[in-house]
Amino acid sequence: MNGLFIFILCVFLPGYALSFLIVNPMKITSRERAPTCFVTQDNLPSVISSPVLAAVYPKLLEWKSIYGNPNIPLKTSGGRQCKTLRRLHIENKLTDEEISLLNDIGFQFNSLEDVYREADFTEMIKRLIAYEKEYSNRYQVPKKLPSDPELGAWVTGLRRLGPDEVLPEHAQQLNDIQFTWVSSRQCGSKFMTKYRELTERVEKEGQDAVLADADVQKWIKAQQMARERGTLSDTRFHYMENLVGHDWMEEQKE
């Protein structure tokens with residue numbers, strides 16, 4: 001009797017469970033997360049409207065289940081679609097819900113510096129020259145340029161990197177067209193006012209002297225606390241890196 005009972009458990013119940021799962025596929029909402037094996041083109045999260053995201057989303061979850069993250073390398077199946085997703089993000093062609101969905105699984109979007117590194121420089125500088133020809137404002141391209149979001153992001157990334165951090169031949173071509181490496185667009189926020197003040201002081205006094213100032217240390221501490229609370233944007237985070245250094249979150253901590 002015991003042997004027959006074990007036989008039934010081993011043979012019939014697994015089959016029953018499998019048939020139940022097949023007949024009752026899991027329906028995924030925008031916030032639910034299903035095991036990778038259940039995510040197919042037939043039961044994608046309802047927030048997905050991008051064909052590219054729809055095609056690659058199951059692959060992202062499969063990759064994450066194996067490697068711990070959804071960031072598929074370029075030369076791997078799904079890698080090109082990941083690159084396309086990053087471009088669509090820069091071009092504002094993903095919805096807020098789709099971006100949130102990708103953030104939730106740990107998908108890595110490009111930084112503005114990455115936009116420079118990945119874009120075709122020859123193509124982008126042509127678009128930059130065309131922009132200047134149309135607007136004649138000394139290349140003051142808005143970061144969020146409605147007519148060409150990629151160009152706005154590319155120019156912002158260039159300025160963050162500066163002429164010393166881009167390829168020498170690229171810096172030369174930009175200098176040849178009299179590209180302005182510092183934006184004249186002013187931000188009236190207290191953060192940017194302080195940032196500009198300290199940047200000017202660093203140029204005159206040197207970084208070490210400025211960072212030794214007790215008031216400056218207090219301001220840096222305030223930015224560290226804001227970042228830890230999640231209220232300091234990525235843009236301002238990069239400004240702090242430029243001012244203090246890449247390890248600025250560790251600087252001045254007691």
# chains A, B, ... in the order shown; residues from 1 in each chain; ligands from 1
call {"tool": "residues_around", "arguments": {"residues": "segment 145-161 of chain A", "least_positions_apart": "5", "cutoff": "10 Å", "atoms": "only C-alpha atoms", "output": "number ranges by chain"}}
result
A: 87-93, 111-119, 121, 124-125, 127-128, 131, 139-140, 166, 171, 174, 179-183, 235, 238-239, 242
call {"tool": "residues_around", "arguments": {"residues": "Glu250 of chain A", "least_positions_apart": "5", "cutoff": "12 Å", "atoms": "only C-alpha atoms", "output": "JSON list (two decimals) with N, CA, C and O atoms, in the first residue's frame"}}
result
[["chain", "number", "residue", "atom", "x", "y", "z"],
["A", 217, "GLN", "N", 32.33, 72.07, 3.55],
["A", 217, "GLN", "CA", 32.15, 70.72, 4.08],
["A", 217, "GLN", "C", 30.71, 70.50, 4.55],
["A", 217, "GLN", "O", 30.13, 69.44, 4.34],
["A", 220, "ILE", "N", 28.55, 70.07, 1.44],
["A", 220, "ILE", "CA", 28.74, 68.73, 0.86],
["A", 220, "ILE", "C", 27.99, 67.69, 1.68],
["A", 220, "ILE", "O", 27.35, 66.78, 1.13],
["A", 221, "LYS", "N", 28.07, 67.82, 3.01],
["A", 221, "LYS", "CA", 27.35, 66.89, 3.89],
["A", 221, "LYS", "C", 25.85, 66.93, 3.63],
["A", 221, "LYS", "O", 25.18, 65.90, 3.60],
["A", 223, "GLN", "N", 24.43, 67.60, 0.81],
["A", 223, "GLN", "CA", 24.16, 66.92, -0.46],
["A", 223, "GLN", "C", 24.24, 65.41, -0.29],
["A", 223, "GLN", "O", 23.48, 64.65, -0.90],
["A", 224, "GLN", "N", 25.17, 64.95, 0.55],
["A", 224, "GLN", "CA", 25.27, 63.51, 0.84],
["A", 224, "GLN", "C", 23.98, 63.01, 1.47],
["A", 224, "GLN", "O", 23.45, 61.95, 1.10],
["A", 225, "MET", "N", 23.47, 63.77, 2.42],
["A", 225, "MET", "CA", 22.25, 63.38, 3.10],
["A", 225, "MET", "C", 21.06, 63.39, 2.14],
["A", 225, "MET", "O", 20.20, 62.50, 2.20],
["A", 227, "ARG", "N", 21.22, 62.81, -1.06],
["A", 227, "ARG", "CA", 21.36, 61.64, -1.92],
["A", 227, "ARG", "C", 20.89, 60.38, -1.21],
["A", 227, "ARG", "O", 20.21, 59.53, -1.79],
["A", 228, "GLU", "N", 21.26, 60.25, 0.06],
["A", 228, "GLU", "CA", 20.85, 59.08, 0.83],
["A", 228, "GLU", "C", 19.34, 59.02, 1.02],
["A", 228, "GLU", "O", 18.76, 57.94, 1.09],
["A", 240, "MET", "N", 28.28, 66.90, -8.43],
["A", 240, "MET", "CA", 29.09, 66.74, -7.24],
["A", 240, "MET", "C", 30.35, 65.92, -7.54],
["A", 240, "MET", "O", 31.43, 66.19, -6.99],
["A", 241, "GLU", "N", 30.22, 64.93, -8.41],
["A", 241, "GLU", "CA", 31.40, 64.17, -8.83],
["A", 241, "GLU", "C", 32.41, 65.08, -9.51],
["A", 241, "GLU", "O", 33.62, 64.98, -9.26],
["A", 244, "VAL", "N", 33.83, 67.47, -6.51],
["A", 244, "VAL", "CA", 34.56, 66.88, -5.38],
["A", 244, "VAL", "C", 35.39, 65.67, -5.79],
["A", 244, "VAL", "O", 36.48, 65.45, -5.29],
["A", 245, "GLY", "N", 34.85, 64.86, -6.70],
["A", 245, "GLY", "CA", 35.52, 63.62, -7.10],
["A", 245, "GLY", "C", 34.53, 62.48, -7.10],
["A", 245, "GLY", "O", 33.44, 62.58, -6.54]]
call {"tool": "select_by_dssp", "arguments": {"residues": "segment 1-246 of chain A", "states": "helix (DSSP H, G or I)", "output": "VMD selection string"}}
result
chain A and resid 2 to 23 36 to 38 51 to 67 79 to 90 96 to 104 112 to 118 121 to 135 149 to 161 168 to 176 190 to 205 207 to 211 214 to 229 234 to 244
call {"tool": "residues_around", "arguments": {"residues": "Gln81 of chain A", "least_positions_apart": "6", "cutoff": "12 Å", "atoms": "only C-alpha atoms", "output": "list of chain:residue names"}}
result
A:Ser50, A:Pro51, A:Val52, A:Leu53, A:Ala54, A:Ala55, A:Val56, A:Tyr57, A:Pro58, A:Lys59, A:Leu60, A:Pro70, A:Asn71, A:Ile72, A:Pro73, A:Leu74, A:Lys75, A:Arg87, A:Leu88
call {"tool": "write_last_selection", "arguments": {"atoms": "C-alpha atoms", "output": "short mmCIF file (atom, residue, chain, number, x, y, z; two decimals), in the first residue's frame"}}
result
data_model
loop_
_atom_site.label_atom_id
_atom_site.label_comp_id
_atom_site.auth_asym_id
_atom_site.auth_seq_id
_atom_site.Cartn_x
_atom_site.Cartn_y
_atom_site.Cartn_z
CA SER A 50 6.69 49.36 -26.92
CA PRO A 51 7.19 46.54 -29.47
CA VAL A 52 10.89 46.44 -28.60
CA LEU A 53 10.22 46.04 -24.88
CA ALA A 54 7.51 43.47 -25.58
CA ALA A 55 9.96 41.41 -27.61
CA VAL A 56 12.85 41.52 -25.14
CA TYR A 57 11.12 41.55 -21.73
CA PRO A 58 10.98 37.74 -21.30
CA LYS A 59 14.68 37.61 -22.25
CA LEU A 60 15.48 40.27 -19.64
CA PRO A 70 18.75 42.01 -16.79
CA ASN A 71 21.53 43.87 -18.63
CA ILE A 72 22.19 41.58 -21.59
CA PRO A 73 25.57 42.20 -23.27
CA LEU A 74 25.50 43.63 -26.78
CA LYS A 75 26.82 40.57 -28.59
CA ARG A 87 18.08 54.79 -27.13
CA LEU A 88 14.28 54.87 -26.88
#
